[in-house]
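A.B. asks: Sharing coords.tsv here; it has TSV, C-alpha atoms.
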chain	number	residue	atom	x	y	z
A	154	MET	CA	-25.38	11.19	38.22
A	155	ARG	CA	-23.35	8.33	39.65
A	156	LYS	CA	-25.80	5.83	38.24
A	157	LYS	CA	-25.47	7.29	34.75
A	158	ILE	CA	-21.66	7.10	34.80
A	159	LYS	CA	-21.83	3.49	35.95
A	160	LYS	CA	-24.11	2.69	33.06
A	161	MET	CA	-21.78	4.32	30.52
A	162	SER	CA	-18.72	2.45	31.75
A	163	ALA	CA	-20.55	-0.86	31.71
A	164	ALA	CA	-21.44	-0.70	28.01
A	165	LEU	CA	-18.30	-2.24	26.51
A	166	LEU	CA	-18.00	-2.71	22.78
A	167	SER	CA	-15.71	-4.88	20.64
A	168	ASP	CA	-16.01	-5.59	16.92
A	169	VAL	CA	-15.01	-9.07	15.85
A	170	LEU	CA	-14.55	-10.36	12.31
A	171	LEU	CA	-14.42	-14.13	11.87
A	172	LEU	CA	-12.66	-15.13	8.67
A	173	PRO	CA	-13.27	-18.36	6.75
A	174	ASP	CA	-9.63	-19.36	7.17
A	175	GLY	CA	-10.01	-19.39	10.97
A	176	ARG	CA	-8.43	-16.02	11.71
A	177	ILE	CA	-10.21	-13.61	14.03
A	178	LEU	CA	-9.72	-9.88	13.65
A	179	VAL	CA	-10.77	-7.58	16.48
A	180	GLN	CA	-11.30	-3.86	16.78
A	181	ASN	CA	-11.75	-2.15	20.17
A	182	LEU	CA	-10.47	-5.14	22.07
A	183	THR	CA	-11.67	-4.93	25.66
A	184	LYS	CA	-10.27	-6.83	28.62
A	185	PRO	CA	-13.18	-9.34	28.80
A	186	MET	CA	-13.01	-9.98	25.05
A	187	ALA	CA	-9.23	-10.46	25.24
A	188	LYS	CA	-9.69	-13.02	28.01
A	189	LEU	CA	-12.36	-14.82	26.02
A	190	LEU	CA	-10.23	-14.98	22.86
A	191	HIS	CA	-7.24	-16.11	24.90
A	192	SER	CA	-9.25	-18.94	26.38
A	193	LEU	CA	-10.25	-20.05	22.87
A	194	ASN	CA	-6.66	-20.06	21.64
A	195	PRO	CA	-3.99	-19.72	24.35
A	196	ASN	CA	-1.26	-20.15	21.70
A	197	ASP	CA	-2.06	-16.88	19.92
A	198	ASP	CA	0.82	-14.61	20.89
A	199	THR	CA	-0.92	-11.38	19.92
A	200	ILE	CA	-3.80	-11.93	22.31
A	201	ALA	CA	-1.65	-13.59	24.99
A	202	ALA	CA	0.60	-10.52	25.17
A	203	ARG	CA	-2.42	-8.28	25.62
A	204	VAL	CA	-3.89	-10.43	28.36
A	205	ARG	CA	-0.54	-10.48	30.17
A	206	LYS	CA	-0.21	-6.68	29.95
A	207	ASN	CA	-3.71	-6.32	31.25
A	208	GLU	CA	-3.05	-8.61	34.21
A	209	LYS	CA	0.05	-6.62	35.11
A	210	GLY	CA	-1.98	-3.44	34.97
A	211	LEU	CA	-4.48	-4.64	37.53
B	82	MET	CA	-11.03	29.24	16.76
B	83	LEU	CA	-14.51	27.75	16.39
B	84	ALA	CA	-15.73	30.98	14.82
B	85	ASP	CA	-13.17	30.57	12.03
B	86	CYS	CA	-12.24	26.92	12.10
B	87	HIS	CA	-8.74	25.98	10.99
B	88	PHE	CA	-8.22	22.98	13.25
B	89	CYS	CA	-7.44	20.64	10.37
B	90	ALA	CA	-5.52	21.14	7.16
B	91	HIS	CA	-8.67	21.65	5.12
B	92	HIS	CA	-8.78	25.19	6.55
B	93	CYS	CA	-12.52	25.51	5.92
B	94	GLY	CA	-12.73	28.73	7.94
B	95	VAL	CA	-16.37	28.13	8.83
B	96	ASN	CA	-18.08	29.60	11.87
B	97	ARG	CA	-19.04	26.54	13.87
B	98	MET	CA	-20.51	28.74	16.60
B	99	THR	CA	-23.36	29.68	14.27
B	100	GLY	CA	-23.93	26.19	12.90
B	101	GLU	CA	-21.90	26.63	9.73
B	102	LEU	CA	-20.46	23.29	8.63
B	103	GLY	CA	-17.11	22.50	7.06
B	104	ILE	CA	-15.94	19.30	5.42
B	105	CYS	CA	-16.05	17.35	8.70
B	106	ARG	CA	-19.59	18.66	9.39
B	107	ALA	CA	-18.78	19.04	13.08
B	108	THR	CA	-20.65	21.63	15.10
B	109	ALA	CA	-19.30	23.33	18.21
B	110	ASN	CA	-20.76	20.56	20.38
B	111	PRO	CA	-18.80	17.32	20.12
B	112	ARG	CA	-20.22	13.86	20.64
B	113	PHE	CA	-18.45	10.63	21.46
B	114	PHE	CA	-19.22	7.06	20.53
B	115	LEU	CA	-16.93	5.12	22.80
B	116	ALA	CA	-15.28	5.52	26.20
B	117	GLN	CA	-13.85	2.32	27.60
B	118	THR	CA	-10.67	0.58	28.65
B	119	GLU	CA	-9.10	-1.35	25.78
B	120	VAL	CA	-6.12	-3.56	25.09
B	121	THR	CA	-6.12	-3.23	21.29
B	122	ASP	CA	-3.35	-0.71	20.92
B	123	GLU	CA	0.44	-0.79	21.11
B	124	LEU	CA	1.60	-3.01	23.98
B	125	GLU	CA	3.42	-0.23	25.80
B	126	LEU	CA	0.24	1.86	25.88
B	127	ILE	CA	-2.27	-0.70	27.13
B	128	PRO	CA	-4.53	-0.98	28.97
B	129	THR	CA	-5.67	2.40	27.74
B	130	PHE	CA	-8.83	4.28	28.49
B	131	ALA	CA	-9.98	5.22	24.99
B	132	ILE	CA	-12.31	8.12	24.29
B	133	ALA	CA	-13.55	8.19	20.69
B	134	LEU	CA	-15.04	11.44	19.45
B	135	SER	CA	-17.50	11.31	16.55
B	136	GLY	CA	-16.62	12.86	13.21
B	137	CYS	CA	-13.50	13.15	11.07
B	138	ASP	CA	-11.97	15.43	8.48
B	139	MET	CA	-10.92	12.54	6.27
B	140	ARG	CA	-13.22	10.32	4.24
B	141	CYS	CA	-11.47	6.97	4.14
B	142	ASP	CA	-13.68	4.51	2.30
B	143	PHE	CA	-12.22	1.65	4.38
B	144	CYS	CA	-12.78	3.34	7.74
B	145	ILE	CA	-13.35	0.80	10.49
B	146	THR	CA	-15.67	3.23	12.26
B	147	GLY	CA	-17.15	4.79	9.13
B	148	ARG	CA	-20.62	5.31	10.54
B	149	GLU	CA	-19.31	7.26	13.52
B	150	SER	CA	-16.38	8.93	11.77
B	151	TRP	CA	-18.38	10.29	8.87
B	152	ASN	CA	-21.16	11.60	11.08
B	153	PRO	CA	-20.19	13.87	13.99
B	154	GLY	CA	-23.83	13.85	15.13
B	155	ILE	CA	-23.67	10.22	16.19
B	156	GLY	CA	-23.04	9.13	19.76
B	157	ARG	CA	-23.56	10.75	23.12
B	158	SER	CA	-23.10	14.36	24.07
B	159	PHE	CA	-19.54	14.97	25.27
B	160	SER	CA	-19.07	16.27	28.79
B	161	ALA	CA	-15.42	16.79	29.72
B	162	GLY	CA	-16.23	16.52	33.42
B	163	LYS	CA	-18.03	13.20	33.12
B	164	ILE	CA	-15.40	11.69	30.84
B	165	ALA	CA	-12.60	12.89	33.13
B	166	ARG	CA	-14.24	11.07	36.04
B	167	LEU	CA	-14.53	7.88	34.00
B	168	ALA	CA	-10.91	8.20	32.92
B	169	GLU	CA	-9.73	8.67	36.47
B	170	ALA	CA	-11.68	5.59	37.55
B	171	ALA	CA	-10.05	3.63	34.72
B	172	LEU	CA	-6.59	4.76	35.85
B	173	ASN	CA	-7.39	3.61	39.36
B	174	GLU	CA	-8.39	0.22	37.94
B	175	GLY	CA	-5.08	-0.24	36.13
B	176	ALA	CA	-5.24	1.69	32.86
B	177	ARG	CA	-1.74	2.90	31.92
B	178	THR	CA	-2.77	5.64	29.53
B	179	ILE	CA	-5.67	7.78	28.44
B	180	MET	CA	-6.12	7.99	24.69
B	181	ILE	CA	-8.18	10.58	22.88
B	182	LEU	CA	-9.14	9.52	19.38
B	183	GLY	CA	-11.94	9.64	16.85
B	184	GLY	CA	-12.98	9.78	14.20
B	185	GLU	CA	-10.40	12.47	14.42
B	186	PRO	CA	-10.01	14.37	17.69
B	187	THR	CA	-8.36	17.39	16.04
B	188	ILE	CA	-11.73	18.61	14.79
B	189	HIS	CA	-12.85	18.76	18.44
B	190	LEU	CA	-9.65	20.27	19.77
B	191	HIS	CA	-11.46	22.70	22.06
B	192	ALA	CA	-13.23	19.82	23.84
B	193	ALA	CA	-10.12	17.65	23.95
B	194	LEU	CA	-8.12	20.40	25.63
B	195	GLU	CA	-10.92	20.99	28.11
B	196	LEU	CA	-10.73	17.31	28.99
B	197	VAL	CA	-6.94	17.37	29.31
B	198	ALA	CA	-7.22	20.22	31.79
B	199	LEU	CA	-9.39	18.03	34.03
B	200	LEU	CA	-7.23	14.91	33.95
B	201	PRO	CA	-4.64	14.10	36.62
B	202	ASP	CA	-1.23	15.66	35.89
B	203	THR	CA	0.42	12.26	36.29
B	204	ALA	CA	-1.74	10.55	33.67
B	205	ARG	CA	0.09	9.52	30.48
B	206	LEU	CA	-1.94	11.01	27.66
B	207	VAL	CA	-2.04	9.75	24.09
B	208	TRP	CA	-3.21	11.81	21.10
B	209	LYS	CA	-4.36	9.35	18.45
B	210	THR	CA	-4.56	11.28	15.20
B	211	ASN	CA	-4.67	11.04	11.43
B	212	ALA	CA	-1.86	13.64	11.37
B	213	HIS	CA	-3.87	15.96	9.16
B	214	GLY	CA	-3.97	18.84	11.62
B	215	SER	CA	-3.09	22.45	10.89
B	216	ALA	CA	-0.20	24.51	12.26
B	217	PRO	CA	-2.56	26.51	14.55
B	218	ALA	CA	-3.91	23.23	15.94
B	219	ARG	CA	-0.40	21.98	16.61
B	220	ALA	CA	0.43	25.19	18.44
B	221	LEU	CA	-2.51	24.57	20.78
B	222	LEU	CA	-1.47	20.95	21.27
B	223	GLU	CA	2.11	21.70	22.24
B	224	GLY	CA	2.94	20.13	25.60
B	225	MET	CA	-0.52	18.67	26.08
B	226	PHE	CA	0.12	15.01	25.23
B	227	ASP	CA	2.90	12.62	26.19
B	228	VAL	CA	2.53	10.48	23.11
B	229	TRP	CA	1.36	11.22	19.60
B	230	LEU	CA	0.05	8.04	18.00
B	231	ALA	CA	-0.20	9.13	14.40
B	232	ASP	CA	-1.35	7.40	11.24
B	233	PHE	CA	0.68	7.46	8.06
B	234	LYS	CA	-1.92	5.84	5.85
B	235	PHE	CA	-0.94	6.56	2.27
B	236	GLY	CA	2.44	6.65	0.59
B	237	ASN	CA	1.35	8.93	-2.23
B	238	ASP	CA	-1.21	11.62	-2.97
B	239	ILE	CA	-3.05	9.66	-5.64
B	240	CYS	CA	-4.12	6.88	-3.26
B	241	ALA	CA	-4.95	9.48	-0.59
B	242	ARG	CA	-7.22	11.36	-2.94
B	243	ARG	CA	-8.83	8.24	-4.36
B	244	LEU	CA	-9.45	6.45	-1.05
B	245	ALA	CA	-9.86	9.33	1.43
B	246	LYS	CA	-10.60	12.41	-0.69
B	247	ILE	CA	-7.60	14.22	0.75
B	248	PRO	CA	-5.45	16.58	-1.32
B	249	ASN	CA	-1.73	17.15	-0.60
B	250	TYR	CA	-1.76	14.28	1.87
B	251	THR	CA	1.91	13.39	2.09
B	252	GLU	CA	3.09	16.98	2.54
B	253	ILE	CA	0.62	17.61	5.38
B	254	VAL	CA	1.17	14.33	7.17
B	255	THR	CA	4.95	14.43	7.04
B	256	GLU	CA	4.89	18.01	8.36
B	257	ASN	CA	2.76	16.82	11.30
B	258	LEU	CA	4.93	13.80	11.97
B	259	LEU	CA	8.13	15.84	12.07
B	260	TRP	CA	6.51	18.34	14.42
B	261	ALA	CA	5.14	15.61	16.69
B	262	ASN	CA	8.52	13.92	16.89
B	263	ALA	CA	10.13	17.21	17.91
B	264	HIS	CA	7.53	18.02	20.56
B	265	SER	CA	6.53	14.69	22.13
B	266	GLU	CA	7.06	10.98	21.90
B	267	LEU	CA	5.89	9.84	18.49
B	268	MET	CA	4.57	6.46	17.45
B	269	VAL	CA	3.56	5.98	13.83
B	270	ARG	CA	0.94	3.57	12.64
B	271	HIS	CA	0.48	2.19	9.18
B	272	LEU	CA	-2.52	0.05	8.37
B	273	LEU	CA	-1.39	-2.24	5.61
B	274	MET	CA	-3.99	-2.25	2.84
B	275	PRO	CA	-4.24	-5.19	0.45
B	276	GLY	CA	-2.67	-4.33	-2.87
B	277	HIS	CA	-0.97	-1.20	-1.52
B	278	ILE	CA	2.48	-2.46	-0.59
B	279	GLN	CA	4.46	-0.77	-3.37
B	280	CYS	CA	2.41	2.40	-3.68
B	281	CYS	CA	1.73	3.05	0.01
B	282	TRP	CA	3.73	0.99	2.48
B	283	GLU	CA	7.10	1.10	0.77
B	284	PRO	CA	7.18	4.93	0.36
B	285	VAL	CA	5.98	5.33	3.96
B	286	ALA	CA	8.66	2.96	5.21
B	287	GLN	CA	11.32	4.69	3.14
B	288	TRP	CA	10.35	8.14	4.39
B	289	LEU	CA	10.25	7.00	8.01
B	290	GLY	CA	13.63	5.33	7.66
B	291	GLU	CA	15.17	8.47	6.18
B	292	HIS	CA	13.47	11.23	8.20
B	293	LEU	CA	12.50	9.63	11.51
B	294	PRO	CA	15.06	6.89	12.08
B	295	GLY	CA	14.41	4.93	15.24
B	296	VAL	CA	10.86	6.17	15.67
B	297	LYS	CA	8.46	3.49	16.84
B	298	VAL	CA	6.36	2.11	14.01
B	299	ASN	CA	3.38	-0.19	14.31
B	300	LEU	CA	2.69	-2.03	11.08
B	301	ARG	CA	-0.87	-3.27	11.34
B	302	THR	CA	-1.84	-6.18	9.15
B	303	GLY	CA	-5.39	-6.70	10.39
B	304	PHE	CA	-7.13	-4.75	7.62
B	305	TRP	CA	-10.72	-5.69	7.13
B	306	PRO	CA	-13.01	-4.47	4.36
B	307	ALA	CA	-15.16	-2.15	6.44
B	308	TRP	CA	-17.53	0.66	5.51
B	309	ARG	CA	-17.24	1.40	1.78
B	310	ALA	CA	-14.06	-0.56	1.12
B	311	GLY	CA	-15.94	-2.80	-1.28
B	312	ARG	CA	-16.10	0.10	-3.74
B	313	HIS	CA	-12.44	-0.53	-4.42
B	314	THR	CA	-11.69	-3.97	-5.83
B	315	GLU	CA	-8.34	-4.35	-4.10
B	316	LEU	CA	-9.82	-3.43	-0.70
B	317	SER	CA	-12.61	-6.00	-0.73
B	318	GLY	CA	-10.65	-8.56	1.29
B	319	THR	CA	-8.06	-8.89	4.01
B	320	VAL	CA	-4.28	-8.68	3.62
B	321	PRO	CA	-2.91	-11.93	2.12
B	322	ALA	CA	-0.23	-13.63	4.21
B	323	GLY	CA	2.28	-13.16	1.40
B	324	GLU	CA	1.79	-9.38	1.41
B	325	ALA	CA	2.13	-9.21	5.20
B	326	GLY	CA	5.45	-11.05	4.94
B	327	GLN	CA	6.61	-8.77	2.13
B	328	ALA	CA	5.72	-5.73	4.23
B	329	GLN	CA	7.83	-7.04	7.10
B	330	LYS	CA	10.80	-7.41	4.77
B	331	ILE	CA	10.36	-3.83	3.57
B	332	ALA	CA	10.41	-2.67	7.19
B	333	GLU	CA	13.69	-4.52	7.67
B	334	ILE	CA	15.21	-3.02	4.51
B	335	TYR	CA	14.56	0.51	5.79
B	336	GLY	CA	15.66	-0.34	9.33
B	337	LEU	CA	12.34	0.50	10.96
B	338	ASN	CA	11.83	0.11	14.67
B	339	LEU	CA	8.68	-2.00	14.60
B	340	VAL	CA	6.70	-2.28	17.81
B	341	PRO	CA	3.84	-4.66	18.60
Mind turning this structure into structure tokens?

C.D. replies:
Amino acid sequence: MRKKIKKMSAALLSDVLLLPDGRILVQNLTKPMAKLLHSLNPNDDTIAARVRKNEKGL
Amino acid sequence: MLADCHFCAHHCGVNRMTGELGICRATANPRFFLAQTEVTDELELIPTFAIALSGCDMRCDFCITGRESWNPGIGRSFSAGKIARLAEAALNEGARTIMILGGEPTIHLHAALELVALLPDTARLVWKTNAHGSAPARALLEGMFDVWLADFKFGNDICARRLAKIPNYTEIVTENLLWANAHSELMVRHLLMPGHIQCCWEPVAQWLGEHLPGVKVNLRTGFWPAWRAGRHTELSGTVPAGEAGQAQKIAEIYGLNLVP
């Protein structure tokens, strides 16, 4: 039982849409994906705020 | 209530216990397609442990989770006990809230309430809904959730019928929003759709300004042409920067309390 729950929680899912004008839209933004996007563009306030909130929550 | 289902405002009255299907096509046994900690939502709610139940009573052609929302048979079998344990683990790892969503969770109200009963009393619970529930559903939901995160998608019944096949949309949604505001903390979401500023966003903004002044509103500009959006010419792209700016100005005109 424990093994199954571990497996479920490990399967994270984010949907990402890359637009030709350089914008990135994300649905179901997970913590790892937020960190990745933040590392690609630290100046994006929308993602930065979400990474900061996440860090405070840990 | 499953034997005579009136969870949503369609009031199908089908017996889901015997396999009869209403508009949402949900049986008595819910499934879910996602259970994970996310940071997508409103800043004051994240990180949230999000549990997405399959199936919905609306048929939005632009649905971002169309495959899962239009088919309640997709995903894994829902076990309140297992999900409650995952949610508790997420809280221990720093999640601030637990959010139940869909699809549309109202069509699985029995399962959602079973889950709520198993969650820690101190957990801040969020009910993410399309605000198309019925009065009997609202009665069952009273006092169960700390926050109602409710969509106000369309500013008129013509767009609602054309894009989501929903009759009497504005009357039903506004009734739900007023109730939610009176019974819990309410946050309203509007997904800005390209080409729908005047017909949808402006009437929504005006109504919110007049009837729910000060309520938190999240104006989302990240529309993308998902699912069957391409069937509608104006929905085949993203929101142009000019329209996003115009929408912000409308929010200011009606004095909305926009939250990120």

A.B. asks: May I have the protein, DNA and RNA residues with an atom at most 7 Å from (-3.4, -5.2, 8.6), counting all atoms listed in the file in the file's coordinates, returned as a list in words?

C.D. replies: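 Residues with an atom at most 7 Å from (-3.4, -5.2, 8.6): Leu272, Leu273, Met274, Arg301, Thr302, Gly303, Phe304 and Val320 of chain B.
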
A.B. asks: Could you please take those selected residues and save C-alpha atoms as a compact mmCIF listing (two decimals), keeping the file's coordinate frame?

C.D. replies:
# COMPACT_ATOMS: atom_id res chain seq x y z
CA LEU B 272 -2.52 0.05 8.37
CA LEU B 273 -1.39 -2.24 5.61
CA MET B 274 -3.99 -2.25 2.84
CA ARG B 301 -0.87 -3.27 11.34
CA THR B 302 -1.84 -6.18 9.15
CA GLY B 303 -5.39 -6.70 10.39
CA PHE B 304 -7.13 -4.75 7.62
CA VAL B 320 -4.28 -8.68 3.62

A.B. asks: Can you work out which residues from chain B touch chain A at a cut-off of 8 Å (counting only C-alpha atoms) and hand them back as a list in words?

C.D. replies: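 Taking only C-alpha atoms into account, Leu115, Ala116, Gln117, Thr118, Glu119, Val120, Thr121, Leu124, Ile127, Pro128, Lys163, Leu167, Glu174, Gly175, Ala176, Arg177, Gly303 and Trp305 of chain B sit within 8 Å of chain A.
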
A.B. asks: Do a neighbour search on Ala201 of chain A at 9 Å with all atoms listed in the file, toss out local chain neighbours closer than 6 positions, and write the hits as a PyMOL selection string.

C.D. replies: chain A and resi 187-188+190-191+194-195

A.B. asks: Taking only C-alpha atoms into account, name the residue in B:Ile104, B:Cys89, B:Val228, B:Leu300 that is nearest to Leu126 of chain B.

C.D. replies: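 Among the listed residues, the smallest separation from Leu126 of chain B belongs to B:Val228.
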
A.B. asks: Any idea what's packed within 10 Å of Ile188 of chain B, counting all atoms listed in the file, ignoring anything in its chain fewer than 5 positions away? Could you give it as JSON, numbers by chain?

C.D. replies: {"B": [83, 86, 87, 88, 89, 105, 106, 107, 108, 109, 111, 134, 135, 136, 137, 138, 153, 183, 193, 214, 218]}

A.B. asks: Mind writing the picked residues with C-alpha atoms as a JSON list (two decimals), in the frame of the given file?

C.D. replies:
[["chain", "number", "residue", "atom", "x", "y", "z"],
["B", 83, "LEU", "CA", -14.51, 27.75, 16.39],
["B", 86, "CYS", "CA", -12.24, 26.92, 12.10],
["B", 87, "HIS", "CA", -8.74, 25.98, 10.99],
["B", 88, "PHE", "CA", -8.22, 22.98, 13.25],
["B", 89, "CYS", "CA", -7.44, 20.64, 10.37],
["B", 105, "CYS", "CA", -16.05, 17.35, 8.70],
["B", 106, "ARG", "CA", -19.59, 18.66, 9.39],
["B", 107, "ALA", "CA", -18.78, 19.04, 13.08],
["B", 108, "THR", "CA", -20.65, 21.63, 15.10],
["B", 109, "ALA", "CA", -19.30, 23.33, 18.21],
["B", 111, "PRO", "CA", -18.80, 17.32, 20.12],
["B", 134, "LEU", "CA", -15.04, 11.44, 19.45],
["B", 135, "SER", "CA", -17.50, 11.31, 16.55],
["B", 136, "GLY", "CA", -16.62, 12.86, 13.21],
["B", 137, "CYS", "CA", -13.50, 13.15, 11.07],
["B", 138, "ASP", "CA", -11.97, 15.43, 8.48],
["B", 153, "PRO", "CA", -20.19, 13.87, 13.99],
["B", 183, "GLY", "CA", -11.94, 9.64, 16.85],
["B", 193, "ALA", "CA", -10.12, 17.65, 23.95],
["B", 214, "GLY", "CA", -3.97, 18.84, 11.62],
["B", 218, "ALA", "CA", -3.91, 23.23, 15.94]]

A.B. asks: For Ser160 of chain B, work out the shell of residues within 10 Å, counting all atoms listed in the file and skipping chain neighbours fewer than 2 positions away, then give it as a ChimeraX atom specification.

C.D. replies: /B:110-113,157-158,162-165,192,195-196

A.B. asks: Which residue, B:Asn211, B:Asn173, B:Thr146, B:Gln279, has the smallest gap to Asp232 of chain B when you use all atoms listed in the file?

C.D. replies: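 The answer is B:Asn211, which sits nearest to Asp232 of chain B.
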
A.B. asks: Write segment 196-221 of chain B as a PDB file, in the frame of the given file, completed to N, CA and C atoms.

C.D. replies:
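Saved the output as part_35.pdb:
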ATOM      1  N   LEU B 196     -10.860  18.584  28.284  1.00  0.00           N
ATOM      2  CA  LEU B 196     -10.730  17.310  28.990  1.00  0.00           C
ATOM      3  C   LEU B 196      -9.333  17.169  29.601  1.00  0.00           C
ATOM      4  N   VAL B 197      -8.327  17.484  28.817  1.00  0.00           N
ATOM      5  CA  VAL B 197      -6.940  17.370  29.310  1.00  0.00           C
ATOM      6  C   VAL B 197      -6.761  18.179  30.592  1.00  0.00           C
ATOM      7  N   ALA B 198      -7.363  19.341  30.625  1.00  0.00           N
ATOM      8  CA  ALA B 198      -7.220  20.220  31.790  1.00  0.00           C
ATOM      9  C   ALA B 198      -7.810  19.585  33.049  1.00  0.00           C
ATOM     10  N   LEU B 199      -8.731  18.644  32.870  1.00  0.00           N
ATOM     11  CA  LEU B 199      -9.390  18.030  34.030  1.00  0.00           C
ATOM     12  C   LEU B 199      -8.762  16.697  34.442  1.00  0.00           C
ATOM     13  N   LEU B 200      -7.831  16.214  33.646  1.00  0.00           N
ATOM     14  CA  LEU B 200      -7.230  14.910  33.950  1.00  0.00           C
ATOM     15  C   LEU B 200      -6.057  15.073  34.924  1.00  0.00           C
ATOM     16  N   PRO B 201      -5.755  14.013  35.679  1.00  0.00           N
ATOM     17  CA  PRO B 201      -4.640  14.100  36.620  1.00  0.00           C
ATOM     18  C   PRO B 201      -3.325  14.425  35.893  1.00  0.00           C
ATOM     19  N   ASP B 202      -2.502  15.261  36.509  1.00  0.00           N
ATOM     20  CA  ASP B 202      -1.230  15.660  35.890  1.00  0.00           C
ATOM     21  C   ASP B 202      -0.327  14.461  35.603  1.00  0.00           C
ATOM     22  N   THR B 203      -0.470  13.421  36.419  1.00  0.00           N
ATOM     23  CA  THR B 203       0.420  12.260  36.290  1.00  0.00           C
ATOM     24  C   THR B 203      -0.028  11.299  35.187  1.00  0.00           C
ATOM     25  N   ALA B 204      -1.223  11.494  34.672  1.00  0.00           N
ATOM     26  CA  ALA B 204      -1.740  10.550  33.670  1.00  0.00           C
ATOM     27  C   ALA B 204      -0.927  10.665  32.376  1.00  0.00           C
ATOM     28  N   ARG B 205      -0.616   9.515  31.768  1.00  0.00           N
ATOM     29  CA  ARG B 205       0.090   9.520  30.480  1.00  0.00           C
ATOM     30  C   ARG B 205      -0.965   9.623  29.375  1.00  0.00           C
ATOM     31  N   LEU B 206      -0.884  10.705  28.630  1.00  0.00           N
ATOM     32  CA  LEU B 206      -1.940  11.010  27.660  1.00  0.00           C
ATOM     33  C   LEU B 206      -1.475  10.737  26.234  1.00  0.00           C
ATOM     34  N   VAL B 207      -2.361  10.123  25.476  1.00  0.00           N
ATOM     35  CA  VAL B 207      -2.040   9.750  24.090  1.00  0.00           C
ATOM     36  C   VAL B 207      -3.002  10.471  23.143  1.00  0.00           C
ATOM     37  N   TRP B 208      -2.433  11.114  22.138  1.00  0.00           N
ATOM     38  CA  TRP B 208      -3.210  11.810  21.100  1.00  0.00           C
ATOM     39  C   TRP B 208      -3.182  10.938  19.862  1.00  0.00           C
ATOM     40  N   LYS B 209      -4.298  10.261  19.599  1.00  0.00           N
ATOM     41  CA  LYS B 209      -4.360   9.350  18.450  1.00  0.00           C
ATOM     42  C   LYS B 209      -4.954  10.135  17.276  1.00  0.00           C
ATOM     43  N   THR B 210      -4.162  10.337  16.249  1.00  0.00           N
ATOM     44  CA  THR B 210      -4.560  11.280  15.200  1.00  0.00           C
ATOM     45  C   THR B 210      -4.252  10.783  13.795  1.00  0.00           C
ATOM     46  N   ASN B 211      -4.964  11.357  12.830  1.00  0.00           N
ATOM     47  CA  ASN B 211      -4.670  11.040  11.430  1.00  0.00           C
ATOM     48  C   ASN B 211      -3.539  11.920  10.888  1.00  0.00           C
ATOM     49  N   ALA B 212      -2.999  12.769  11.740  1.00  0.00           N
ATOM     50  CA  ALA B 212      -1.860  13.640  11.370  1.00  0.00           C
ATOM     51  C   ALA B 212      -2.201  14.575  10.207  1.00  0.00           C
ATOM     52  N   HIS B 213      -3.439  15.033  10.200  1.00  0.00           N
ATOM     53  CA  HIS B 213      -3.870  15.960   9.160  1.00  0.00           C
ATOM     54  C   HIS B 213      -4.272  17.299   9.798  1.00  0.00           C
ATOM     55  N   GLY B 214      -3.655  17.591  10.925  1.00  0.00           N
ATOM     56  CA  GLY B 214      -3.970  18.840  11.620  1.00  0.00           C
ATOM     57  C   GLY B 214      -3.255  20.033  11.001  1.00  0.00           C
ATOM     58  N   SER B 215      -3.686  21.211  11.408  1.00  0.00           N
ATOM     59  CA  SER B 215      -3.090  22.450  10.890  1.00  0.00           C
ATOM     60  C   SER B 215      -1.996  22.945  11.845  1.00  0.00           C
ATOM     61  N   ALA B 216      -1.224  23.917  11.393  1.00  0.00           N
ATOM     62  CA  ALA B 216      -0.200  24.510  12.260  1.00  0.00           C
ATOM     63  C   ALA B 216      -0.825  25.191  13.490  1.00  0.00           C
ATOM     64  N   PRO B 217      -1.931  25.932  13.348  1.00  0.00           N
ATOM     65  CA  PRO B 217      -2.560  26.510  14.550  1.00  0.00           C
ATOM     66  C   PRO B 217      -3.016  25.435  15.547  1.00  0.00           C
ATOM     67  N   ALA B 218      -3.496  24.323  15.047  1.00  0.00           N
ATOM     68  CA  ALA B 218      -3.910  23.230  15.940  1.00  0.00           C
ATOM     69  C   ALA B 218      -2.703  22.684  16.690  1.00  0.00           C
ATOM     70  N   ARG B 219      -1.617  22.506  15.965  1.00  0.00           N
ATOM     71  CA  ARG B 219      -0.400  21.980  16.610  1.00  0.00           C
ATOM     72  C   ARG B 219       0.091  22.937  17.693  1.00  0.00           C
ATOM     73  N   ALA B 220      -0.028  24.211  17.434  1.00  0.00           N
ATOM     74  CA  ALA B 220       0.430  25.190  18.440  1.00  0.00           C
ATOM     75  C   ALA B 220      -0.376  25.030  19.730  1.00  0.00           C
ATOM     76  N   LEU B 221      -1.675  24.760  19.591  1.00  0.00           N
ATOM     77  CA  LEU B 221      -2.510  24.570  20.780  1.00  0.00           C
ATOM     78  C   LEU B 221      -2.207  23.244  21.478  1.00  0.00           C
TER      79      LEU B 221
END
